[in-house]
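Dropping data04.txt in here (compact mmCIF, C-alpha atoms and all ligand atoms):
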# COMPACT_ATOMS: atom_id res chain seq x y z
CA MET A 1 30.93 179.42 103.29
CA LYS A 2 28.31 177.04 101.97
CA SER A 3 26.93 174.02 103.78
CA ARG A 4 27.73 170.80 101.95
CA TRP A 5 24.98 168.89 103.76
CA ASN A 6 22.87 166.73 101.48
CA ASP A 7 19.97 164.62 102.82
CA GLU A 8 20.52 161.78 100.37
CA ASP A 9 24.22 161.46 101.17
CA ALA A 10 23.46 161.59 104.89
CA ALA A 11 20.90 158.80 104.49
CA ARG A 12 23.41 156.73 102.54
CA TYR A 13 25.99 156.97 105.32
CA MET A 14 23.37 156.04 107.94
CA GLU A 15 22.32 153.06 105.85
CA ALA A 16 25.94 151.94 105.39
CA ALA A 17 26.47 152.11 109.15
CA ARG A 18 23.33 150.04 109.78
CA ALA A 19 24.44 147.47 107.21
CA ALA A 20 27.83 147.20 108.95
CA GLY A 21 26.16 146.67 112.32
CA GLN A 22 27.21 150.13 113.52
CA ASN A 23 25.24 152.91 115.15
CA GLU A 24 23.54 155.21 112.60
CA ALA A 25 24.97 158.17 114.47
CA LEU A 26 28.46 156.92 113.62
CA GLY A 27 27.44 156.85 109.96
CA LEU A 28 26.35 160.47 110.18
CA ARG A 29 29.55 161.34 112.01
CA ILE A 30 31.60 159.85 109.19
CA TYR A 31 29.51 161.82 106.70
CA THR A 32 29.84 165.23 108.39
CA SER A 33 33.53 164.59 109.13
CA ARG A 34 34.08 164.02 105.43
CA ILE A 35 32.25 167.14 104.31
CA ILE A 36 34.27 169.14 106.83
CA GLY A 37 37.48 167.49 105.61
CA GLY A 38 36.51 168.12 102.00
CA ASP A 39 36.73 171.88 102.48
CA PRO A 40 40.35 173.10 102.68
CA ASP A 41 39.06 176.31 104.25
CA LEU A 42 37.92 174.28 107.29
CA VAL A 43 40.69 171.73 107.88
CA LEU A 44 43.81 170.39 106.16
CA HIS A 45 45.83 167.22 106.55
CA GLY A 46 44.96 165.76 109.92
CA GLY A 47 43.94 169.15 111.33
CA GLY A 48 40.64 169.44 113.21
CA ASN A 49 38.75 166.62 114.86
CA THR A 50 35.23 165.36 115.35
CA SER A 51 33.37 163.05 117.72
CA VAL A 52 30.00 161.47 118.43
CA LYS A 53 28.65 160.01 121.64
CA VAL A 54 26.55 156.86 121.37
CA THR A 55 25.16 154.17 123.63
CA ALA A 56 26.44 150.65 123.05
CA PRO A 57 23.92 147.78 122.83
CA ASP A 58 24.90 146.80 126.39
CA GLY A 59 24.07 150.31 127.62
CA THR A 60 27.65 151.61 127.95
CA ALA A 61 28.10 155.27 127.05
CA LEU A 62 30.77 155.52 124.33
CA MET A 63 32.40 158.29 122.35
CA HIS A 64 33.77 157.82 118.85
CA ILE A 65 36.61 160.31 118.42
CA LYS A 66 38.97 160.97 115.53
CA GLY A 67 42.06 158.82 115.81
CA SER A 68 45.63 159.85 115.14
CA GLY A 69 46.85 159.27 111.60
CA TRP A 70 43.46 159.81 109.94
CA ASP A 71 42.36 162.77 107.81
CA LEU A 72 38.74 163.89 108.06
CA ASP A 73 38.13 163.92 104.29
CA THR A 74 38.79 160.20 103.94
CA ILE A 75 37.79 159.00 107.40
CA GLU A 76 36.13 155.62 107.92
CA ALA A 77 34.77 153.90 111.01
CA PRO A 78 38.19 152.63 112.19
CA GLY A 79 39.38 156.26 112.12
CA LEU A 80 36.79 157.11 114.77
CA PRO A 81 37.68 154.64 117.54
CA ALA A 82 35.22 154.20 120.43
CA VAL A 83 36.26 155.08 123.99
CA ARG A 84 34.27 154.44 127.17
CA LEU A 85 32.97 157.82 128.27
CA ALA A 86 32.47 157.48 132.04
CA PRO A 87 36.18 157.09 132.97
CA LEU A 88 37.00 160.14 130.84
CA LEU A 89 34.40 162.25 132.64
CA GLY A 90 35.91 161.04 135.89
CA VAL A 91 39.05 163.19 135.44
CA ARG A 92 37.07 166.38 134.83
CA ASP A 93 37.30 167.63 138.39
CA GLY A 94 40.39 165.69 139.42
CA PRO A 95 44.09 166.58 139.54
CA LYS A 96 46.12 167.48 136.45
CA LEU A 97 47.05 164.52 134.27
CA SER A 98 50.48 164.36 132.65
CA ASP A 99 50.62 163.70 128.91
CA PRO A 100 51.56 160.03 129.34
CA ASP A 101 48.79 159.57 131.94
CA MET A 102 46.23 161.17 129.63
CA VAL A 103 47.27 158.95 126.73
CA ALA A 104 47.21 155.91 129.02
CA LEU A 105 43.71 156.80 130.22
CA LEU A 106 42.45 157.15 126.65
CA ARG A 107 44.12 153.95 125.49
CA ALA A 108 42.92 151.97 128.49
CA ASN A 109 39.36 152.89 127.63
CA LEU A 110 39.45 152.08 123.93
CA VAL A 111 36.85 149.47 123.08
CA GLU A 112 39.26 148.03 120.49
CA PRO A 113 42.63 147.87 122.21
CA ASP A 114 44.59 148.10 118.96
CA ALA A 115 42.73 151.16 117.66
CA PRO A 116 44.70 154.35 116.84
CA ASN A 117 45.35 156.86 119.62
CA PRO A 118 42.31 159.08 120.22
CA SER A 119 42.82 162.76 119.34
CA VAL A 120 44.72 164.81 121.94
CA GLU A 121 41.48 166.81 122.26
CA ALA A 122 39.47 163.72 123.25
CA LEU A 123 38.86 164.89 126.81
CA LEU A 124 37.39 168.21 125.68
CA HIS A 125 35.10 166.35 123.28
CA ALA A 126 34.10 164.06 126.15
CA PHE A 127 33.35 166.90 128.58
CA LEU A 128 31.05 168.79 126.20
CA PRO A 129 27.56 167.37 126.89
CA PHE A 130 26.46 167.00 123.26
CA ALA A 131 26.32 164.02 120.95
CA HIS A 132 28.22 165.77 118.14
CA VAL A 133 31.30 167.94 118.57
CA ASP A 134 33.11 169.49 115.59
CA HIS A 135 36.48 171.25 115.65
CA THR A 136 38.19 173.07 112.75
CA HIS A 137 40.95 175.54 111.93
CA ALA A 138 38.92 177.52 109.39
CA THR A 139 40.80 180.15 107.41
CA ALA A 140 38.38 183.00 108.19
CA ILE A 141 38.39 182.10 111.89
CA LEU A 142 42.21 182.08 111.97
CA ALA A 143 42.38 185.52 110.33
CA LEU A 144 40.41 186.84 113.30
CA ALA A 145 41.61 184.49 116.05
CA ASP A 146 45.20 185.62 115.33
CA GLN A 147 44.52 189.22 116.35
CA PRO A 148 45.33 190.90 119.63
CA ASP A 149 42.45 191.44 122.07
CA MET A 150 39.59 189.92 120.12
CA GLN A 151 37.37 189.06 123.08
CA GLY A 152 35.18 192.16 122.66
CA ALA A 153 34.94 191.70 118.91
CA VAL A 154 33.94 188.04 119.29
CA LYS A 155 31.20 189.12 121.68
CA ARG A 156 30.04 191.81 119.23
CA ILE A 157 30.00 189.37 116.30
CA TYR A 158 28.57 186.27 118.01
CA GLY A 159 26.85 187.57 121.14
CA GLU A 160 26.20 184.74 123.59
CA ARG A 161 26.39 182.10 120.88
CA LEU A 162 30.15 181.59 121.27
CA ALA A 163 32.18 181.49 124.47
CA TYR A 164 35.72 182.88 124.28
CA VAL A 165 38.61 180.64 125.33
CA PRO A 166 41.99 182.41 125.77
CA TYR A 167 44.95 180.52 124.32
CA VAL A 168 45.84 177.38 126.25
CA MET A 169 48.02 174.62 124.90
CA PRO A 170 45.97 171.76 123.41
CA GLY A 171 45.66 168.59 125.49
CA PHE A 172 44.65 168.19 129.12
CA ASP A 173 44.93 171.86 130.13
CA LEU A 174 42.82 173.12 127.24
CA SER A 175 40.19 170.46 127.95
CA ILE A 176 39.86 171.60 131.55
CA VAL A 177 39.87 175.33 130.81
CA ALA A 178 37.49 175.11 127.85
CA ASP A 179 35.09 172.89 129.80
CA ARG A 180 35.04 175.38 132.67
CA ILE A 181 34.32 178.22 130.26
CA TYR A 182 31.60 176.18 128.60
CA ARG A 183 29.97 175.53 131.99
CA ASP A 184 30.12 179.27 132.75
CA HIS A 185 28.26 179.90 129.47
CA PRO A 186 25.57 177.24 129.32
CA GLY A 187 23.55 177.72 126.18
CA CYS A 188 26.49 178.72 123.99
CA GLU A 189 26.68 176.89 120.66
CA GLY A 190 30.42 176.83 120.27
CA LEU A 191 33.82 177.82 121.62
CA TRP A 192 36.14 180.41 120.06
CA LEU A 193 39.72 179.30 120.70
CA GLU A 194 42.10 182.25 120.62
CA ASN A 195 45.01 181.69 118.17
CA HIS A 196 43.70 178.23 117.37
CA GLY A 197 40.23 177.64 115.86
CA LEU A 198 36.62 176.87 116.61
CA PHE A 199 34.45 174.20 118.28
CA THR A 200 30.75 173.73 117.63
CA PHE A 201 28.41 171.17 119.17
CA ALA A 202 24.82 169.93 119.17
CA ASP A 203 22.97 166.69 119.69
CA ASP A 204 22.09 166.68 116.00
CA ALA A 205 24.85 166.00 113.43
CA ARG A 206 23.54 168.48 110.91
CA VAL A 207 23.01 171.25 113.46
CA SER A 208 26.56 170.92 114.83
CA TYR A 209 28.04 170.94 111.30
CA GLU A 210 25.89 173.82 110.07
CA ARG A 211 26.72 175.91 113.14
CA MET A 212 30.35 175.55 112.10
CA ILE A 213 29.49 176.76 108.60
CA GLU A 214 27.37 179.61 109.96
CA PHE A 215 30.05 180.81 112.41
CA VAL A 216 32.73 180.67 109.72
CA THR A 217 30.43 182.64 107.42
CA MET A 218 29.97 185.23 110.16
CA ALA A 219 33.76 185.53 110.38
CA GLU A 220 33.92 185.98 106.60
CA ASP A 221 31.27 188.70 106.88
CA GLU A 222 33.20 190.42 109.65
CA LEU A 223 36.28 190.51 107.42
CA ALA A 224 34.26 191.72 104.43
CA GLY A 225 32.60 194.39 106.57
CA ALA A 226 36.05 195.68 107.47
CA GLY A 227 36.91 195.85 103.79
CA VAL A 228 39.12 192.77 103.95
CA LYS A 229 39.00 190.38 101.04
CA LEU A 230 39.69 186.80 102.13
CA ALA A 231 40.74 184.87 99.04
CA GLY A 232 39.48 181.31 98.54
CA PRO A 233 41.89 178.39 97.91
CA GLN A 234 44.19 179.14 95.00
CA GLN A 235 46.19 177.13 92.50
CA SER A 236 49.87 177.84 92.06
CA ASP A 237 50.26 179.77 88.79
CA GLY A 238 53.64 181.47 89.14
CA ARG A 239 56.69 180.37 87.20
CA GLU A 240 59.33 178.46 89.15
CA ASP A 241 62.93 179.61 88.78
CA THR A 242 64.46 176.19 88.19
CA ALA A 243 68.00 177.50 88.54
CA LEU A 244 67.13 178.77 92.04
CA THR A 245 65.49 175.41 92.83
CA ALA A 246 68.68 173.64 91.79
CA ARG A 247 70.82 175.92 93.97
CA LEU A 248 68.54 175.27 96.95
CA GLU A 249 68.61 171.54 96.38
CA LYS A 250 72.38 171.54 96.26
CA ALA A 251 72.54 173.45 99.54
CA LEU A 252 70.02 171.20 101.30
CA VAL A 253 71.19 167.76 100.23
CA ARG A 254 74.33 167.41 102.26
CA ASP A 255 75.67 165.27 105.09
CA GLY A 256 74.06 165.97 108.44
CA SER A 257 70.98 167.51 106.85
CA PRO A 258 67.56 165.86 107.31
CA PHE A 259 67.55 165.96 103.51
CA ALA A 260 70.88 164.16 103.11
CA LYS A 261 69.17 161.45 101.07
CA GLY A 262 67.28 163.96 98.95
CA VAL A 263 64.79 166.76 99.19
CA VAL A 264 61.48 167.44 97.50
CA LEU A 265 60.95 171.17 96.87
CA ASP A 266 57.24 171.85 96.42
CA TYR A 267 57.12 175.31 94.80
CA ARG A 268 53.98 177.41 95.24
CA SER A 269 53.25 180.82 93.83
CA THR A 270 49.61 181.81 94.14
CA PRO A 271 48.29 185.39 94.07
CA ALA A 272 48.01 185.25 97.90
CA ILE A 273 51.53 183.85 98.33
CA ARG A 274 52.93 186.56 96.04
CA ALA A 275 51.04 189.23 97.98
CA HIS A 276 52.54 187.87 101.20
CA ALA A 277 56.04 187.37 99.77
CA GLY A 278 55.96 190.87 98.31
CA LYS A 279 55.39 192.62 101.63
CA GLU A 280 58.25 194.78 102.75
CA ASN A 281 58.08 193.26 106.26
CA VAL A 282 57.46 189.66 105.15
CA GLU A 283 60.42 188.40 107.18
CA ALA A 284 59.14 190.06 110.37
CA ILE A 285 55.61 188.74 109.80
CA GLY A 286 56.97 185.24 109.25
CA GLN A 287 58.91 185.39 112.52
CA ARG A 288 55.68 185.83 114.47
CA GLY A 289 54.67 182.18 114.14
CA THR A 290 52.17 179.78 112.61
CA VAL A 291 48.47 180.50 112.04
CA THR A 292 47.35 177.61 114.27
CA PRO A 293 49.51 175.76 116.81
CA ASP A 294 49.78 172.34 115.21
CA HIS A 295 51.24 173.67 111.95
CA VAL A 296 54.53 174.13 113.77
CA ILE A 297 55.29 170.42 113.77
CA ARG A 298 55.24 170.34 109.97
CA ILE A 299 56.59 173.73 108.91
CA LYS A 300 58.68 174.77 111.96
CA PRO A 301 58.07 178.08 113.72
CA TRP A 302 59.12 180.31 110.82
CA PRO A 303 60.21 180.18 107.17
CA MET A 304 63.67 180.93 105.85
CA VAL A 305 63.50 184.04 103.67
CA ILE A 306 65.78 184.61 100.65
CA ASP A 307 65.99 187.09 97.78
CA ALA A 308 64.89 186.01 94.33
CA ASP A 309 68.45 186.27 93.03
CA ALA A 310 70.07 184.41 95.97
CA ASP A 311 73.29 182.75 94.79
CA ASP A 312 74.99 179.79 96.45
CA ALA A 313 76.71 181.96 99.02
CA ALA A 314 73.50 183.80 99.90
CA ILE A 315 71.64 180.52 100.34
CA ASP A 316 74.38 179.12 102.57
CA ALA A 317 74.34 182.30 104.63
CA ALA A 318 70.56 182.12 104.99
CA LEU A 319 70.76 178.48 106.11
CA ALA A 320 73.46 179.34 108.63
CA ALA A 321 71.41 182.25 109.99
CA TYR A 322 68.34 180.02 110.20
CA ALA A 323 70.29 177.37 112.11
CA GLU A 324 71.64 179.97 114.50
CA ARG A 325 68.21 181.45 115.14
CA TYR A 326 66.68 178.01 115.61
CA ARG A 327 69.41 176.91 118.02
CA ALA A 328 68.93 180.07 120.09
CA TYR A 329 65.16 179.54 120.13
CA PHE A 330 65.65 175.97 121.30
CA THR A 331 68.17 176.90 124.00
CA ARG A 332 66.04 179.75 125.36
CA ASN A 333 62.90 177.68 125.61
CA ALA A 334 64.28 174.27 126.56
CA ALA A 335 65.79 175.96 129.62
CA ARG A 336 62.35 176.58 131.14
CA SER A 337 61.05 173.06 130.43
CA ASN A 338 60.84 170.68 133.37
CA GLU A 339 61.83 167.70 131.24
CA PRO A 340 64.87 167.34 128.98
CA LYS A 341 64.24 168.15 125.31
CA ARG A 342 66.22 166.91 122.34
CA MET A 343 66.77 169.50 119.64
CA LEU A 344 65.33 168.74 116.23
CA ASP A 345 67.35 169.49 113.10
CA LEU A 346 68.32 173.09 112.32
CA TYR A 347 66.84 173.23 108.82
CA PRO A 348 63.76 175.13 107.63
CA ARG A 349 60.71 173.42 106.15
CA VAL A 350 59.63 176.49 104.19
CA VAL A 351 61.84 178.75 102.06
CA LEU A 352 60.12 181.97 101.13
CA VAL A 353 61.44 183.79 98.07
CA LYS A 354 60.82 187.52 98.39
CA GLY A 355 58.24 188.76 95.93
CA LEU A 356 57.88 185.44 94.13
CA GLY A 357 56.65 182.42 96.05
CA LEU A 358 57.73 179.73 98.45
CA TYR A 359 59.11 176.22 98.59
CA ALA A 360 57.83 173.67 101.06
CA LEU A 361 60.61 171.16 101.81
CA GLY A 362 60.12 167.51 102.54
CA ALA A 363 62.16 164.35 102.61
CA THR A 364 59.21 162.87 100.71
CA ALA A 365 56.80 164.31 98.14
CA LYS A 366 53.97 163.77 100.60
CA ALA A 367 55.64 165.76 103.38
CA ALA A 368 56.46 168.58 100.94
CA LYS A 369 52.90 168.69 99.62
CA ILE A 370 51.43 168.84 103.12
CA GLY A 371 53.75 171.75 103.93
CA GLY A 372 52.81 173.50 100.69
CA ASP A 373 49.10 173.07 101.33
CA LEU A 374 49.43 174.46 104.87
CA CYS A 375 51.32 177.48 103.50
CA GLU A 376 48.72 178.03 100.79
CA GLN A 377 46.04 178.40 103.46
CA ALA A 378 48.27 180.18 105.96
CA THR A 379 49.27 182.97 103.56
CA ARG A 380 45.61 183.73 102.83
CA ALA A 381 44.85 183.84 106.56
CA ILE A 382 47.90 186.04 107.25
CA ASN A 383 47.08 188.47 104.42
CA ALA A 384 43.53 188.84 105.74
CA ALA A 385 44.77 189.17 109.33
CA GLU A 386 47.22 191.91 108.36
CA ALA A 387 44.55 193.75 106.37
CA TYR A 388 42.08 193.51 109.26
CA GLY A 389 44.52 194.47 112.01
CA ARG A 390 47.76 192.79 112.97
CA PHE A 391 48.57 189.12 112.48
CA THR A 392 49.31 188.03 116.06
CA PRO A 393 49.60 184.26 116.53
CA ILE A 394 50.83 182.44 119.63
CA GLY A 395 54.23 183.61 120.79
CA GLU A 396 57.56 181.85 120.80
CA ALA A 397 57.16 180.03 124.12
CA ASP A 398 53.81 178.53 123.11
CA LEU A 399 55.16 177.61 119.68
CA PHE A 400 58.05 175.83 121.34
CA ASP A 401 55.80 173.95 123.74
CA MET A 402 53.76 172.76 120.79
CA GLU A 403 56.73 171.88 118.59
CA TYR A 404 58.42 169.96 121.39
CA TRP A 405 55.26 168.42 122.83
CA SER A 406 55.81 164.69 122.99
CA LEU A 407 52.26 164.00 121.81
CA GLU A 408 52.69 166.10 118.66
CA GLN A 409 56.03 164.47 117.88
CA ALA A 410 54.30 161.10 118.24
CA LYS A 411 51.57 162.21 115.83
CA LEU A 412 54.20 163.10 113.25
CA GLN A 413 55.74 159.65 113.58
CA VAL A 414 52.37 158.11 112.79
CA ALA A 415 51.89 160.51 109.89
CA VAL A 416 55.17 159.79 108.11
CA ARG A 417 54.82 156.04 108.31
ZN ZN B 501 42.82 172.26 116.81

How does this structure look as structure tokens?
Amino acid sequence: MKSRWNDEDAARYMEAARAAGQNEALGLRIYTSRIIGGDPDLVLHGGGNTSVKVTAPDGTALMHIKGSGWDLDTIEAPGLPAVRLAPLLGVRDGPKLSDPDMVALLRANLVEPDAPNPSVEALLHAFLPFAHVDHTHATAILALADQPDMQGAVKRIYGERLAYVPYVMPGFDLSIVADRIYRDHPGCEGLWLENHGLFTFADDARVSYERMIEFVTMAEDELAGAGVKLAGPQQSDGREDTALTARLEKALVRDGSPFAKGVVLDYRSTPAIRAHAGKENVEAIGQRGTVTPDHVIRIKPWPMVIDADADDAAIDAALAAYAERYRAYFTRNAARSNEPKRMLDLYPRVVLVKGLGLYALGATAKAAKIGGDLCEQATRAINAAEAYGRFTPIGEADLFDMEYWSLEQAKLQVAVR
């Protein structure tokens, strides 16, 4: 992976920040956030987050952190709201905060009270004692992070440069665990998040960003060294079976469906998607889960899989089987939750056509496109993961906790508006 850093662009963003009466460091943060967001092999659609710590003119320590509803590739200053840092650091060694308490703490410390909600990872960004913190879900990292027992391999590849964080659900718990691991490994330059992604940090914007690029490149080299070819982003070039699309549409647009008012079927067939869809065990692989936790809120835990020649009856049967599986998944997992959960709809967001391609489903073209883009990346990560070892993402219980996490559901509400 190549660094997109350019001195002239960086200077331009610093100058723009100065002209707007903002801290230069915020200008640089906007710049490196955008070059991260501009690479679909680092983050997609609201995934990943970035922050910068600055000192206000009155001496208050502040952190600008990515706000909900913003994408890194188009971020502007309002998308990086400032929060007062000291109260955030105050909870580091305190009792566990509930989700609502954590959100309340973050909101109460926003400098602009009407700013968007700070990222659910804001506390982890706050705890890390560096001006710049960068977090991505890079494709090459996911191919390796979704493997069983990678701790030794991460150590072999990165030595002391990365500290290994076992999977913990994002939010307060991850912030506490990751901070503790960071403090046990002072001098590390980043955190490897099992089944999730990567953090890098430094006081210098460029160093933090280029560490991200370097660590992703090292993951690419690890894959290549194992004979695994990780494809870059691909355009859809396979022919869509419009008769099949029409049959699917007919089956999906019906009373009681989330698509009762219409469905957008975003068809994708790239070489990587066809390689995935052509695997004998594609259905079993798909059942394992999503490549990074927050994909589950957009594409559900698994795709629905159909044959290329599925007729109306076969599609109805597949939808019924999907609904049954989803209901069982909900019932099993809601039972161990300590708060009541309301089941979402029973329909898939991805329909995989064996051997051919996949449809991402959305009530709007935007939702369908986001789903399609996530699948485009995910299939490349899964293919590489399967070639390297065994694609092993978070399990069902963790997927459920993420899908039914009130904070993620709230994020989706912001995103669809
Ligand atoms: Zn993340």

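Applying the 12 Å criterion to (23.2, 153.5, 121.4) in file coordinates and using all atoms listed in the file, one obtains the residues Gly21, Gln22, Asn23, Glu24, Ala25, Leu26, Val52, Lys53, Val54, Thr55, Ala56, Pro57, Asp58, Gly59, Thr60, Ala61, Leu62, Met63, His64 and Ala131 of chain A.
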
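Around ligand ZN 501 (chain B), using only C-alpha atoms and all ligand atoms and a cut-off of 7 Å, the residues in contact are Gly47, Gly48, His135, Thr136, His137, His196 and Gly197 of chain A.
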
Subject >> atom CA of Leu374 of chain A to atom CA of Gly27 of chain A, distance in Å rounded to a single decimal >> reply: 28.6 Å

Original post:
How would you write as a ChimeraX atom specification the residues that get within 12 Å of (33.9, 184.9, 96.3) in the file's frame, counting all atoms listed in the file?
Top reply: /A:1-2,217,220-221,224,229-234

**OP:** Extract, using all atoms listed in the file, all DNA, RNA and protein residues at most 12 Å from Ala334 of chain A, discarding same-chain residues fewer than 2 positions from it, and format them as a PyMOL selection string.
**Re:** chain A and resi 326-332+336-344+396-401+403-405

Original post:
Skipping near chain neighbours, those fewer than 5 positions away, what residues fall within 8 Å of Val264 of chain A using only C-alpha atoms, listed as a VMD selection string?
Top reply: chain A and resid 361 to 365 368

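Interatomic distance, atom CA of Ala108 of chain A to atom CA of Ile181 of chain A: 27.7 Å.
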